[in-house]
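**Q** Sharing a structure, written as structure tokens. Questions coming.
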Amino acid sequence: RLLGKPRSDRPTMPTAKLQVLPAAGAITTPTTIEISHFPTCNSLRLILTGSDYRHPFRHETTLDAKGQSHINLSADDVGVLFASMTSEPSGRRFALRDVTKPILWTFRLVMATGEPLAEVTIERTFLKQGITRKVLTMKDDARHTNQEYLPAYGKLRGVLFIPPGPGPFPCVIDMFGSIGGIMDFRAALLAGEGFMVLHLSYLFHEDLPDNMETLQLNYFHDAVEWMLRHPAADSPLGCALVGTSMGGEIAQIVAATNPKVRACCSISGYCVLHERMYTQDGTQLPSISQNVADTKTLPPQHVKHARFDHGGLVLKYATWEWWCEHIPQLRGYYNAANKLPLYATDAPTEVTPEGKELCGYPIMPIENINGPLMLIVGTDDVEFPAPEAGRVALHRMWHKGRGADCYLVELHGAGHLLEPPYKPTNRSSWHPPLQMMLVWGGNPVDQSRGDVKGWESLLWLLKEKFAANKYKRSKL
């Protein structure tokens with residue numbers, strides 16, 4: 001035989017057609033899969049891999065191919081595949097630290113015995129082309145000596161996103177929770193929807209506080225003021241706040257005390273001031289920790305009411321029963337018979353006289369928010385009783401005549417971490433500031449669907465309620 005000439009008796013390798021659409025788009029773009037022209041077999045294996053440039057993520061699933069010539073996976077099916085991806089090593093949270101980089105997802109189709117059939121790589125991005133990304137850091141202080149917008153400009157830390165075009169743009173401030181640092185992927189996505197977004201960092205970053213015990217609320221009010229004074233801001237619309245977990249709690253406090261905030265979305269957040277100490281204009285706001293003995297430091301009460309499950313720490317103390325047992329102000333909101341919070345009365349009058357300001361009690365006066373309030377919670381949140389607290393907030397708003405402005409979005413089976421969809425999720429992950437694994441709750445199926453609904457709900461609030469006229473006029 002001549003060298004290089006194929007042998008006619010050599011068995012041909014099996015192949016298949018694997019189509020993953022669209023090939024490129026934003027991370028929130030629904031993805032579908034079509035598989036055809038595969039060999040006759042009982043099953044196929046689909047392997048999905050990717051990375052956040054820190055840790056690799058992977059998931060493998062078996063597809064039933066018996067008697068089929070085509071296999072179609074819907075956007076919902078593929079969303080579950082993304083949500084099922086796990087990190088190597090395990091317990092790492094998918095969080096892109098540089099949103100200028102694309103995410104590459106690789107799909108490999110193999111026979112049940114391991115023979116490769118097809119491979120496709122798609123690209124997903126967080127930052128749409130043309131958006132300006134400006135990092136606010138300590139290094140910028142010297143270059144902004146004119147203090148053009150606000151004297152506090154040099155104190156703010158975070159990332160500002162400005163959409164392309166002349167503007168002006170509706171303003172949004174985005175915050176995450178106690179993990180701290182820079183987590184600007186949601187802000188980048190919101191900028192792609194036509195909003196000028198400031199991802200505001202407030203913990204564990206540069207010269208910001210390195211503990212969660214005390215926070216200055218004036219820092220957040222300064223951020224609102226600076227945003228609205230920016231030349232690209234649509235200042236008459238005011239500002240919207242979006243926050244997750246501790247960030248959701250902060251968003252509600254600031255929105256309740258700042259009339260320039262015209263919309264608020266709290267994701268897995270609280271309408272109650274708990275362990276943390278907040279100060280505003282030099283005045284310390286009372287918190288739940290003042291009602292529980294020995295709460296100068298967090299570990300004693302956390303460990304006392306904690307257990308380990310699913311490879312991480314579950315804060316068992318953070319059940320609604322525990323809160324009501326220790327916090328007199330909440331007892332009127334809870335019905336022990338059916339385990340549901342009921343708005344039986346307002347906060348006790350001896351604690352909260354009618355009309356008293358925020359500094360008088362740990363339940364926030366969310367009825368003072370100058371616009372709509374949306375609360376997005378997962379029913380399987382095992383870190384905090386977010387669903388119960390969300391119902392308390394809803395009942396309080398109705399009781400104060402503001403019920404029509406409050407939207408409670410309960411995501412069945414979803415956990416504490418509710419983020420933009422179509423990427424890996426975590427039932428538990430490593431929490432760097434606490435140096436331990438925390439269990440968040442949720443399962444891949446419900447978490448994937450919950451992330452989709454939560455993201456759609458957030459966009460609805462911002463576009464249809466906060467910036468409705470602006471959005472329709474500029475076709476964001």
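The chains in the structure tokens are called A, B, ... from first to last as shown; in each chain the residues are counted from 1, and the ligands are counted from 1 in the order shown.
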Give me the residues within 8 Å of Asp52 of chain A as a tab-separated table (two decimals) with N, CA and C atoms, in the first residue's frame, counting only C-alpha atoms and dropping any in the same chain fewer than 5 places off.
**A**
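The resulting file, result.tsv, is shown below:
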chain	number	residue	atom	x	y	z
A	94	PHE	N	-19.23	30.53	40.84
A	94	PHE	CA	-18.94	31.08	39.53
A	94	PHE	C	-19.14	32.58	39.59
A	95	ALA	N	-18.05	33.32	39.45
A	95	ALA	CA	-18.12	34.78	39.52
A	95	ALA	C	-17.01	35.35	38.67
A	96	LEU	N	-17.37	35.88	37.52
A	96	LEU	CA	-16.39	36.46	36.61
A	96	LEU	C	-15.89	37.78	37.19
A	97	ARG	N	-14.60	37.86	37.43
A	97	ARG	CA	-14.01	39.07	38.03
A	97	ARG	C	-13.62	40.10	37.00
A	103	ILE	N	-17.06	34.45	28.13
A	103	ILE	CA	-17.14	33.10	28.69
A	103	ILE	C	-17.28	32.13	27.52
**Q** If you run DSSP on this backbone, which residues of segment 158-250 of chain A come out as helix (DSSP H, G or I), and could you give them as a list in words?
**A**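 Helix (DSSP H, G or I) assignments inside segment 158-250 of chain A correspond to Phe185, Arg186, Ala187, Ala188, Leu189, Leu190, Ala191, Asn218, Tyr219, Phe220, His221, Asp222, Ala223, Val224, Glu225, Trp226, Met227, Leu228, Ser235, Pro236, Leu237, Met246, Gly247, Gly248, Glu249 and Ile250 of chain A.
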**Q** What is the distance between atom CA of Ser429 of chain A and atom CA of Ser84 of chain A, in Å to one decimal?
**A** 13.7 Å
**Q** When distances are computed from only C-alpha atoms, which of A:Asp222, A:Asp184, A:Asp98, A:Glu119 shows the smallest separation from Tyr53 of chain A?
**A**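 Among the listed residues, the smallest separation from Tyr53 of chain A belongs to A:Asp98.
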**Q** For segment 234-245 of chain A, please output as number ranges by chain all residues within 8 Å (counting only C-alpha atoms; exclusion window: fewer than 3 positions along the same chain).
**A** A: 167-178, 224, 227-229, 248-251, 255, 260-270, 416, 418, 462, 466-467
**Q** List the neighbours of Met85 of chain A out to 8 Å using only C-alpha atoms; skip same-chain residues closer than 3 positions along the sequence, and give me the result as a VMD selection string.
**A** chain A and resid 48 to 49 57 to 59 81 to 82 424 to 425
**Q** Measuring atom to atom with only C-alpha atoms, identify which of A:Val377, A:Ile162, A:Val135, A:Leu44 is nearest to Gly114 of chain A.
**A**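 The closest residue to Gly114 of chain A is A:Leu44.
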**Q** With only C-alpha atoms as the counted atoms, please give the residues lying no more than 12 Å from Thr32 of chain A, apart from itself and same-chain residues fewer than 2 positions off, as a list in words.
**A**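 Residues near the query, excluding close chain neighbours: Leu18, Gln19, Val20, Leu21, Pro22, Ala23, Thr29, Pro30, Glu34, Ile35, Ile71, Asn72, Leu73, Ser74, Ala75, Asp76, Asp77, Val78, Gly79, Val80, Leu81, Phe82, Phe107, Ile122 and Tyr422 of chain A.
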**Q** Write the selection just made, keeping N, CA and C atoms, as a compact mmCIF listing (two decimals), in the first residue's frame?
**A**
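Everything below was put into result-v2.txt:
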# COMPACT_ATOMS: atom_id res chain seq x y z
N LEU A 18 -23.99 18.36 15.96
CA LEU A 18 -24.32 19.02 17.21
C LEU A 18 -24.44 20.52 16.93
N GLN A 19 -25.62 21.06 17.13
CA GLN A 19 -25.87 22.48 16.86
C GLN A 19 -26.31 23.15 18.16
N VAL A 20 -25.54 24.16 18.59
CA VAL A 20 -25.84 24.92 19.80
C VAL A 20 -26.06 26.38 19.39
N LEU A 21 -27.25 26.88 19.63
CA LEU A 21 -27.62 28.22 19.17
C LEU A 21 -28.14 29.09 20.31
N PRO A 22 -27.83 30.42 20.23
CA PRO A 22 -26.96 31.07 19.26
C PRO A 22 -25.49 30.84 19.60
N ALA A 23 -24.62 31.03 18.62
CA ALA A 23 -23.20 30.79 18.82
C ALA A 23 -22.56 31.87 19.69
N THR A 29 -28.65 35.12 27.35
CA THR A 29 -29.32 34.67 26.13
C THR A 29 -29.73 33.21 26.26
N PRO A 30 -30.99 32.86 26.03
CA PRO A 30 -31.40 31.46 26.07
C PRO A 30 -30.67 30.64 25.00
N GLU A 34 -29.60 21.13 19.30
CA GLU A 34 -30.19 20.14 18.40
C GLU A 34 -29.11 19.13 18.02
N ILE A 35 -29.41 17.85 18.21
CA ILE A 35 -28.47 16.77 17.92
C ILE A 35 -29.11 15.85 16.88
N ILE A 71 -32.47 14.75 18.73
CA ILE A 71 -32.64 15.10 20.14
C ILE A 71 -32.60 16.62 20.24
N ASN A 72 -33.65 17.20 20.80
CA ASN A 72 -33.73 18.66 20.96
C ASN A 72 -33.79 19.01 22.44
N LEU A 73 -32.95 19.93 22.85
CA LEU A 73 -32.96 20.43 24.22
C LEU A 73 -33.40 21.88 24.20
N SER A 74 -34.44 22.20 24.95
CA SER A 74 -34.98 23.56 24.99
C SER A 74 -34.09 24.47 25.82
N ALA A 75 -34.40 25.76 25.81
CA ALA A 75 -33.65 26.72 26.63
C ALA A 75 -33.75 26.37 28.11
N ASP A 76 -34.91 25.85 28.52
CA ASP A 76 -35.09 25.45 29.91
C ASP A 76 -34.18 24.25 30.23
N ASP A 77 -34.10 23.29 29.31
CA ASP A 77 -33.24 22.13 29.52
C ASP A 77 -31.78 22.53 29.61
N VAL A 78 -31.34 23.40 28.71
CA VAL A 78 -29.94 23.83 28.71
C VAL A 78 -29.64 24.68 29.94
N GLY A 79 -30.63 25.46 30.39
CA GLY A 79 -30.44 26.24 31.60
C GLY A 79 -30.15 25.35 32.80
N VAL A 80 -30.82 24.20 32.86
CA VAL A 80 -30.56 23.25 33.94
C VAL A 80 -29.15 22.69 33.83
N LEU A 81 -28.68 22.45 32.60
CA LEU A 81 -27.31 21.97 32.41
C LEU A 81 -26.31 22.99 32.95
N PHE A 82 -26.50 24.25 32.62
CA PHE A 82 -25.61 25.29 33.14
C PHE A 82 -25.66 25.33 34.67
N PHE A 107 -19.34 22.22 24.44
CA PHE A 107 -20.24 21.07 24.51
C PHE A 107 -19.59 19.92 23.73
N ILE A 122 -19.33 27.77 22.24
CA ILE A 122 -20.08 29.01 22.06
C ILE A 122 -19.50 30.09 22.97
N TYR A 422 -28.49 31.27 33.28
CA TYR A 422 -27.70 30.54 32.29
C TYR A 422 -26.21 30.53 32.60
